[in-house]
>>> print(open('entry.cif').read())   # mmCIF, C-alpha atoms
data_query
#
loop_
_atom_site.label_atom_id
_atom_site.label_comp_id
_atom_site.auth_asym_id
_atom_site.auth_seq_id
_atom_site.Cartn_x
_atom_site.Cartn_y
_atom_site.Cartn_z
CA MET A 550 96.54 -42.95 4.49
CA PHE A 551 97.88 -41.38 1.33
CA LYS A 552 100.93 -39.15 1.08
CA LEU A 553 101.03 -36.65 -1.76
CA TYR A 554 104.09 -34.71 -2.88
CA THR A 555 103.91 -32.11 -5.66
CA ASP A 556 106.47 -29.84 -7.25
CA ALA A 557 106.42 -27.58 -10.28
CA ALA A 558 108.95 -25.66 -12.33
CA THR A 559 108.71 -22.95 -14.96
CA MET A 560 111.36 -22.15 -17.53
CA ASN A 561 111.85 -18.37 -17.34
CA LYS A 562 112.52 -17.70 -21.03
CA SER A 563 109.91 -19.99 -22.57
CA GLY A 564 107.30 -19.85 -19.82
CA ASN A 565 106.77 -23.62 -20.16
CA SER A 566 105.88 -25.34 -16.89
CA SER A 567 105.94 -28.94 -15.73
CA ALA A 568 104.89 -30.77 -12.57
CA GLY A 569 106.00 -33.86 -10.76
CA ILE A 570 103.60 -35.74 -8.52
CA LEU A 571 104.37 -38.56 -6.12
CA ILE A 572 101.66 -40.55 -4.34
CA VAL A 573 102.64 -43.03 -1.63
CA HIS A 574 100.12 -45.55 -0.30
CA ASP A 575 100.56 -49.02 1.23
CA LYS A 576 104.30 -48.93 0.48
CA GLN A 577 103.52 -48.36 -3.22
CA GLN A 578 104.71 -45.30 -5.11
CA ILE A 579 103.00 -43.72 -8.10
CA GLN A 580 105.00 -41.10 -9.94
CA LYS A 581 103.47 -38.86 -12.58
CA LYS A 582 104.66 -35.90 -14.58
CA PHE A 583 102.58 -33.35 -16.42
CA LYS A 584 103.07 -30.42 -18.75
CA LEU A 585 101.15 -27.51 -17.29
CA ASN A 586 99.13 -24.65 -18.72
CA SER A 587 100.62 -22.19 -16.23
CA ASN A 588 103.32 -19.82 -17.40
CA ASP A 589 104.60 -18.59 -14.02
CA ASN A 590 105.97 -20.56 -11.10
CA HIS A 591 103.28 -19.73 -8.52
CA SER A 592 100.45 -20.71 -10.87
CA ALA A 593 102.39 -23.86 -11.75
CA GLU A 594 102.66 -24.84 -8.08
CA PHE A 595 98.90 -24.39 -7.59
CA GLU A 596 98.18 -26.33 -10.78
CA ALA A 597 100.52 -29.14 -9.64
CA CYS A 598 98.70 -29.31 -6.30
CA LEU A 599 95.33 -29.48 -8.03
CA LEU A 600 96.50 -32.24 -10.38
CA GLY A 601 97.93 -34.18 -7.45
CA PHE A 602 94.64 -34.13 -5.59
CA LYS A 603 92.77 -35.07 -8.76
CA GLU A 604 95.04 -38.11 -9.03
CA ILE A 605 94.39 -39.11 -5.41
CA ILE A 606 90.63 -38.77 -5.83
CA LYS A 607 90.88 -41.46 -8.53
CA LEU A 608 92.55 -43.85 -6.06
CA ALA A 609 91.06 -43.07 -2.66
CA GLN A 610 87.76 -43.26 -0.84
CA ASN A 611 86.21 -40.12 0.65
CA ASP A 612 86.98 -41.32 4.19
CA THR A 613 90.72 -41.33 3.41
CA ASN A 614 93.33 -39.25 5.22
CA VAL A 615 95.89 -37.39 3.12
CA LEU A 616 99.26 -35.94 4.10
CA TYR A 617 100.16 -33.32 1.51
CA PHE A 618 103.71 -32.00 1.07
CA THR A 619 104.74 -28.97 -0.98
CA ASP A 620 107.85 -26.83 -1.18
CA SER A 621 105.72 -23.84 -2.23
CA LYS A 622 105.16 -21.55 0.71
CA ILE A 623 102.42 -19.62 -1.12
CA VAL A 624 100.46 -22.82 -1.80
CA TYR A 625 100.84 -24.01 1.79
CA GLU A 626 99.89 -20.66 3.34
CA SER A 627 96.95 -20.25 0.97
CA LEU A 628 95.63 -23.69 1.86
CA GLU A 629 95.94 -22.93 5.55
CA LYS A 630 94.19 -19.52 5.24
CA ARG A 631 91.79 -20.79 2.55
CA TYR A 632 92.56 -17.58 0.67
CA ALA A 633 94.86 -16.63 -2.21
CA LYS A 634 94.68 -13.11 -3.59
CA HIS A 635 95.78 -13.96 -7.15
CA TYR A 636 95.18 -17.71 -7.24
CA GLN A 637 91.74 -18.09 -5.64
CA ASN A 638 90.31 -20.04 -8.60
CA PHE A 639 92.98 -22.72 -8.24
CA LEU A 640 92.62 -22.68 -4.47
CA ASP A 641 88.83 -23.07 -4.56
CA CYS A 642 89.15 -26.16 -6.76
CA ILE A 643 91.82 -27.66 -4.47
CA LEU A 644 89.82 -26.95 -1.31
CA GLU A 645 86.69 -28.48 -2.82
CA ILE A 646 88.59 -31.73 -3.36
CA GLN A 647 90.32 -31.57 0.03
CA ASP A 648 86.99 -31.07 1.78
CA ASP A 649 85.82 -34.45 0.44
CA PHE A 650 88.48 -36.31 2.47
CA SER A 651 88.18 -37.16 6.16
CA LEU A 652 91.39 -35.33 6.96
CA VAL A 653 94.01 -33.46 4.96
CA ILE A 654 97.17 -32.23 6.64
CA ASN A 655 99.06 -29.72 4.52
CA ASN A 656 102.80 -29.52 5.08
CA TRP A 657 105.38 -27.07 3.82
CA ILE A 658 108.87 -28.45 3.36
CA PRO A 659 111.63 -26.05 2.30
CA ASP A 660 113.01 -26.95 -1.10
CA LYS A 661 116.38 -27.97 0.41
CA LYS A 662 114.69 -30.53 2.68
CA MET A 663 112.21 -32.00 0.17
CA LYS A 664 113.25 -35.63 -0.30
CA VAL A 665 111.49 -38.45 -2.05
CA PRO A 666 110.52 -41.14 0.48
CA THR A 667 111.90 -44.63 0.06
CA ASN A 668 108.73 -46.48 1.10
#
>>> encode(input="entry.cif", output="structure tokens")
Amino acid sequence: MFKLYTDAATMNKSGNSSAGILIVHDKQQIQKKFKLNSNDNHSAEFEACLLGFKEIIKLAQNDTNVLYFTDSKIVYESLEKRYAKHYQNFLDCILEIQDDFSLVINNWIPDKKMKVPTN
């Protein structure tokens, strides 16, 4: 089983966005950071999610289970409904990757409670 954590941030004045991705598997942690193309926070969160799943696809087999954690309520709710009014292109790409895994459980964790695991 893989655990995936993603988070994104956008600087209001500059519109520059970045993402942090954490993958946990077999007590190993892989941390990555990316500069994003998105210039608003919601797009950045979707882009971070997509990049996170693209990183897992490089490491995992199709029969793998993935626990995904995000602090973005719009990303979580869109994944659960399989619909996003303004972000459907991002969502379609994410869902296409998620559908390749045996099981993906999406989890929303409020920003205050999002903690990096120690194992």
>>> residues_around(input="entry.cif", residues="Val615 (chain A)", least_positions_apart="4", cutoff="9 Å", atoms="all atoms listed in the file", output="JSON, numbers by chain")
{"A": [550, 551, 552, 553, 605, 647, 650, 651, 652, 653, 654, 655]}
>>> write_last_selection(input="entry.cif", atoms="C-alpha atoms", output="PDB file, in the frame of the given file")
ATOM      1  CA  MET A 550      96.540 -42.950   4.490  1.00  0.00           C
ATOM      2  CA  PHE A 551      97.880 -41.380   1.330  1.00  0.00           C
ATOM      3  CA  LYS A 552     100.930 -39.150   1.080  1.00  0.00           C
ATOM      4  CA  LEU A 553     101.030 -36.650  -1.760  1.00  0.00           C
ATOM      5  CA  ILE A 605      94.390 -39.110  -5.410  1.00  0.00           C
ATOM      6  CA  GLN A 647      90.320 -31.570   0.030  1.00  0.00           C
ATOM      7  CA  PHE A 650      88.480 -36.310   2.470  1.00  0.00           C
ATOM      8  CA  SER A 651      88.180 -37.160   6.160  1.00  0.00           C
ATOM      9  CA  LEU A 652      91.390 -35.330   6.960  1.00  0.00           C
ATOM     10  CA  VAL A 653      94.010 -33.460   4.960  1.00  0.00           C
ATOM     11  CA  ILE A 654      97.170 -32.230   6.640  1.00  0.00           C
ATOM     12  CA  ASN A 655      99.060 -29.720   4.520  1.00  0.00           C
TER      13      ASN A 655
END
>>> residues_around(input="entry.cif", residues="Arg631 (chain A)", least_positions_apart="2", cutoff="8 Å", atoms="all atoms listed in the file", output="list in words")
Ser627, Leu628, Glu629, Ala633, Leu640 and Leu644 of chain A
>>> resolve_selection(input="entry.cif", expression="the PyMOL selection byres ((chain A and resi 568) around 6)", output="list in words")
Asp556, Ala557, Ser567, Gly569, Lys582, Phe583 and Ala597 of chain A
>>> write_last_selection(input="entry.cif", atoms="C-alpha atoms", output="compact mmCIF listing (two decimals), keeping the file's coordinate frame")
# COMPACT_ATOMS: atom_id res chain seq x y z
CA ASP A 556 106.47 -29.84 -7.25
CA ALA A 557 106.42 -27.58 -10.28
CA SER A 567 105.94 -28.94 -15.73
CA GLY A 569 106.00 -33.86 -10.76
CA LYS A 582 104.66 -35.90 -14.58
CA PHE A 583 102.58 -33.35 -16.42
CA ALA A 597 100.52 -29.14 -9.64
>>> closest_residue(input="entry.cif", among="A:Lys630, A:Val573, A:Asp649, A:Thr619", to="Lys603 (chain A)", atoms="all atoms listed in the file")
A:Asp649
>>> atom_distance(input="entry.cif", atom1="CA of Gln580 (chain A)", atom2="CA of Asn638 (chain A)")
25.7 Å
>>> atom_distance(input="entry.cif", atom1="CA of Asp589 (chain A)", atom2="CA of His635 (chain A)")
12.1 Å
>>> residues_around(input="entry.cif", residues="Glu596 (chain A)", least_positions_apart="3", cutoff="9 Å", atoms="only C-alpha atoms", output="VMD selection string")
chain A and resid 557 568 585 to 587 591 to 593 599 to 601 639
>>> resolve_selection(input="entry.cif", expression="the PyMOL selection byres ((chain A and resi 621) around 9)", output="list in words")
Asp556, Ala557, His591, Glu594, Phe595, Thr619, Asp620, Lys622, Ile623, Val624, Tyr625, Glu626, Trp657, Ile658, Pro659 and Asp660 of chain A
>>> atom_distance(input="entry.cif", atom1="CA of Tyr617 (chain A)", atom2="CA of Thr555 (chain A)")
8.2 Å
>>> residues_around(input="entry.cif", residues="Tyr554 (chain A)", least_positions_apart="3", cutoff="6 Å", atoms="all atoms listed in the file", output="PyMOL selection string")
chain A and resi 570-571+618
>>> closest_residue(input="entry.cif", among="A:Gln637, A:Asn656, A:Asn590, A:Thr613", to="His574 (chain A)", atoms="only C-alpha atoms")
A:Thr613
>>> decode(input="entry.cif", residues="region 567-579 of chain A", atoms="all heavy atoms", output="PDB file, in the first residue's frame")
ATOM      1  N   SER A 567       3.513  26.462  -5.846  1.00  0.00           N
ATOM      2  CA  SER A 567       4.417  25.343  -5.600  1.00  0.00           C
ATOM      3  C   SER A 567       3.628  24.207  -4.958  1.00  0.00           C
ATOM      4  O   SER A 567       2.567  24.434  -4.379  1.00  0.00           O
ATOM      5  CB  SER A 567       5.553  25.750  -4.657  1.00  0.00           C
ATOM      6  OG  SER A 567       6.320  26.767  -5.223  1.00  0.00           O
ATOM      7  N   ALA A 568       4.180  23.001  -5.067  1.00  0.00           N
ATOM      8  CA  ALA A 568       3.538  21.831  -4.467  1.00  0.00           C
ATOM      9  C   ALA A 568       4.554  21.013  -3.715  1.00  0.00           C
ATOM     10  O   ALA A 568       5.719  20.921  -4.105  1.00  0.00           O
ATOM     11  CB  ALA A 568       2.898  20.969  -5.551  1.00  0.00           C
ATOM     12  N   GLY A 569       4.082  20.409  -2.644  1.00  0.00           N
ATOM     13  CA  GLY A 569       4.862  19.424  -1.910  1.00  0.00           C
ATOM     14  C   GLY A 569       4.149  18.094  -1.989  1.00  0.00           C
ATOM     15  O   GLY A 569       2.913  18.029  -1.892  1.00  0.00           O
ATOM     16  N   ILE A 570       4.916  17.043  -2.212  1.00  0.00           N
ATOM     17  CA  ILE A 570       4.360  15.701  -2.348  1.00  0.00           C
ATOM     18  C   ILE A 570       5.147  14.766  -1.442  1.00  0.00           C
ATOM     19  O   ILE A 570       6.378  14.808  -1.424  1.00  0.00           O
ATOM     20  CB  ILE A 570       4.449  15.223  -3.812  1.00  0.00           C
ATOM     21  CG1 ILE A 570       3.549  16.095  -4.683  1.00  0.00           C
ATOM     22  CG2 ILE A 570       4.074  13.744  -3.943  1.00  0.00           C
ATOM     23  CD1 ILE A 570       3.773  15.911  -6.163  1.00  0.00           C
ATOM     24  N   LEU A 571       4.423  13.957  -0.698  1.00  0.00           N
ATOM     25  CA  LEU A 571       5.046  12.951   0.159  1.00  0.00           C
ATOM     26  C   LEU A 571       4.432  11.601  -0.184  1.00  0.00           C
ATOM     27  O   LEU A 571       3.209  11.450  -0.194  1.00  0.00           O
ATOM     28  CB  LEU A 571       4.812  13.270   1.632  1.00  0.00           C
ATOM     29  CG  LEU A 571       5.283  12.213   2.627  1.00  0.00           C
ATOM     30  CD1 LEU A 571       6.805  12.076   2.609  1.00  0.00           C
ATOM     31  CD2 LEU A 571       4.794  12.544   4.025  1.00  0.00           C
ATOM     32  N   ILE A 572       5.294  10.636  -0.470  1.00  0.00           N
ATOM     33  CA  ILE A 572       4.867   9.258  -0.734  1.00  0.00           C
ATOM     34  C   ILE A 572       5.491   8.381   0.343  1.00  0.00           C
ATOM     35  O   ILE A 572       6.700   8.456   0.586  1.00  0.00           O
ATOM     36  CB  ILE A 572       5.317   8.790  -2.126  1.00  0.00           C
ATOM     37  CG1 ILE A 572       4.671   9.667  -3.210  1.00  0.00           C
ATOM     38  CG2 ILE A 572       4.966   7.311  -2.344  1.00  0.00           C
ATOM     39  CD1 ILE A 572       5.245   9.456  -4.593  1.00  0.00           C
ATOM     40  N   VAL A 573       4.661   7.569   0.986  1.00  0.00           N
ATOM     41  CA  VAL A 573       5.135   6.651   2.015  1.00  0.00           C
ATOM     42  C   VAL A 573       4.806   5.236   1.563  1.00  0.00           C
ATOM     43  O   VAL A 573       3.664   4.936   1.208  1.00  0.00           O
ATOM     44  CB  VAL A 573       4.470   6.947   3.383  1.00  0.00           C
ATOM     45  CG1 VAL A 573       4.983   5.988   4.444  1.00  0.00           C
ATOM     46  CG2 VAL A 573       4.695   8.397   3.793  1.00  0.00           C
ATOM     47  N   HIS A 574       5.849   4.381   1.573  1.00  0.00           N
ATOM     48  CA  HIS A 574       5.669   2.980   1.176  1.00  0.00           C
ATOM     49  C   HIS A 574       6.758   2.153   1.836  1.00  0.00           C
ATOM     50  O   HIS A 574       7.940   2.511   1.782  1.00  0.00           O
ATOM     51  CB  HIS A 574       5.743   2.846  -0.345  1.00  0.00           C
ATOM     52  CG  HIS A 574       5.603   1.450  -0.841  1.00  0.00           C
ATOM     53  ND1 HIS A 574       4.449   0.718  -0.703  1.00  0.00           N
ATOM     54  CD2 HIS A 574       6.479   0.637  -1.472  1.00  0.00           C
ATOM     55  CE1 HIS A 574       4.624  -0.480  -1.229  1.00  0.00           C
ATOM     56  NE2 HIS A 574       5.839  -0.556  -1.697  1.00  0.00           N
ATOM     57  N   ASP A 575       6.376   1.036   2.441  1.00  0.00           N
ATOM     58  CA  ASP A 575       7.337   0.140   3.119  1.00  0.00           C
ATOM     59  C   ASP A 575       8.275   0.903   4.052  1.00  0.00           C
ATOM     60  O   ASP A 575       9.492   0.716   4.036  1.00  0.00           O
ATOM     61  CB  ASP A 575       8.161  -0.643   2.092  1.00  0.00           C
ATOM     62  CG  ASP A 575       7.372  -1.751   1.437  1.00  0.00           C
ATOM     63  OD1 ASP A 575       6.350  -2.184   2.010  1.00  0.00           O
ATOM     64  OD2 ASP A 575       7.772  -2.188   0.336  1.00  0.00           O
ATOM     65  N   LYS A 576       7.711   1.791   4.851  1.00  0.00           N
ATOM     66  CA  LYS A 576       8.449   2.592   5.836  1.00  0.00           C
ATOM     67  C   LYS A 576       9.495   3.511   5.211  1.00  0.00           C
ATOM     68  O   LYS A 576      10.372   4.013   5.882  1.00  0.00           O
ATOM     69  CB  LYS A 576       9.074   1.699   6.898  1.00  0.00           C
ATOM     70  CG  LYS A 576       8.055   0.919   7.692  1.00  0.00           C
ATOM     71  CD  LYS A 576       8.687   0.089   8.771  1.00  0.00           C
ATOM     72  CE  LYS A 576       7.620  -0.715   9.494  1.00  0.00           C
ATOM     73  NZ  LYS A 576       8.160  -1.524  10.564  1.00  0.00           N
ATOM     74  N   GLN A 577       9.388   3.726   3.907  1.00  0.00           N
ATOM     75  CA  GLN A 577      10.269   4.661   3.197  1.00  0.00           C
ATOM     76  C   GLN A 577       9.455   5.890   2.828  1.00  0.00           C
ATOM     77  O   GLN A 577       8.286   5.786   2.476  1.00  0.00           O
ATOM     78  CB  GLN A 577      10.811   4.023   1.904  1.00  0.00           C
ATOM     79  CG  GLN A 577      11.599   2.761   2.113  1.00  0.00           C
ATOM     80  CD  GLN A 577      13.022   3.054   2.549  1.00  0.00           C
ATOM     81  OE1 GLN A 577      13.543   4.136   2.311  1.00  0.00           O
ATOM     82  NE2 GLN A 577      13.652   2.094   3.187  1.00  0.00           N
ATOM     83  N   GLN A 578      10.100   7.056   2.902  1.00  0.00           N
ATOM     84  CA  GLN A 578       9.442   8.301   2.514  1.00  0.00           C
ATOM     85  C   GLN A 578      10.153   8.919   1.324  1.00  0.00           C
ATOM     86  O   GLN A 578      11.378   8.975   1.290  1.00  0.00           O
ATOM     87  CB  GLN A 578       9.471   9.319   3.660  1.00  0.00           C
ATOM     88  CG  GLN A 578       8.609   8.952   4.826  1.00  0.00           C
ATOM     89  CD  GLN A 578       8.532  10.085   5.840  1.00  0.00           C
ATOM     90  OE1 GLN A 578       8.997  11.190   5.599  1.00  0.00           O
ATOM     91  NE2 GLN A 578       7.939   9.796   6.986  1.00  0.00           N
ATOM     92  N   ILE A 579       9.361   9.372   0.375  1.00  0.00           N
ATOM     93  CA  ILE A 579       9.890  10.112  -0.772  1.00  0.00           C
ATOM     94  C   ILE A 579       9.217  11.470  -0.757  1.00  0.00           C
ATOM     95  O   ILE A 579       7.985  11.564  -0.801  1.00  0.00           O
ATOM     96  CB  ILE A 579       9.587   9.388  -2.099  1.00  0.00           C
ATOM     97  CG1 ILE A 579      10.210   7.995  -2.104  1.00  0.00           C
ATOM     98  CG2 ILE A 579      10.065  10.220  -3.281  1.00  0.00           C
ATOM     99  CD1 ILE A 579       9.727   7.108  -3.233  1.00  0.00           C
TER     100      ILE A 579
END
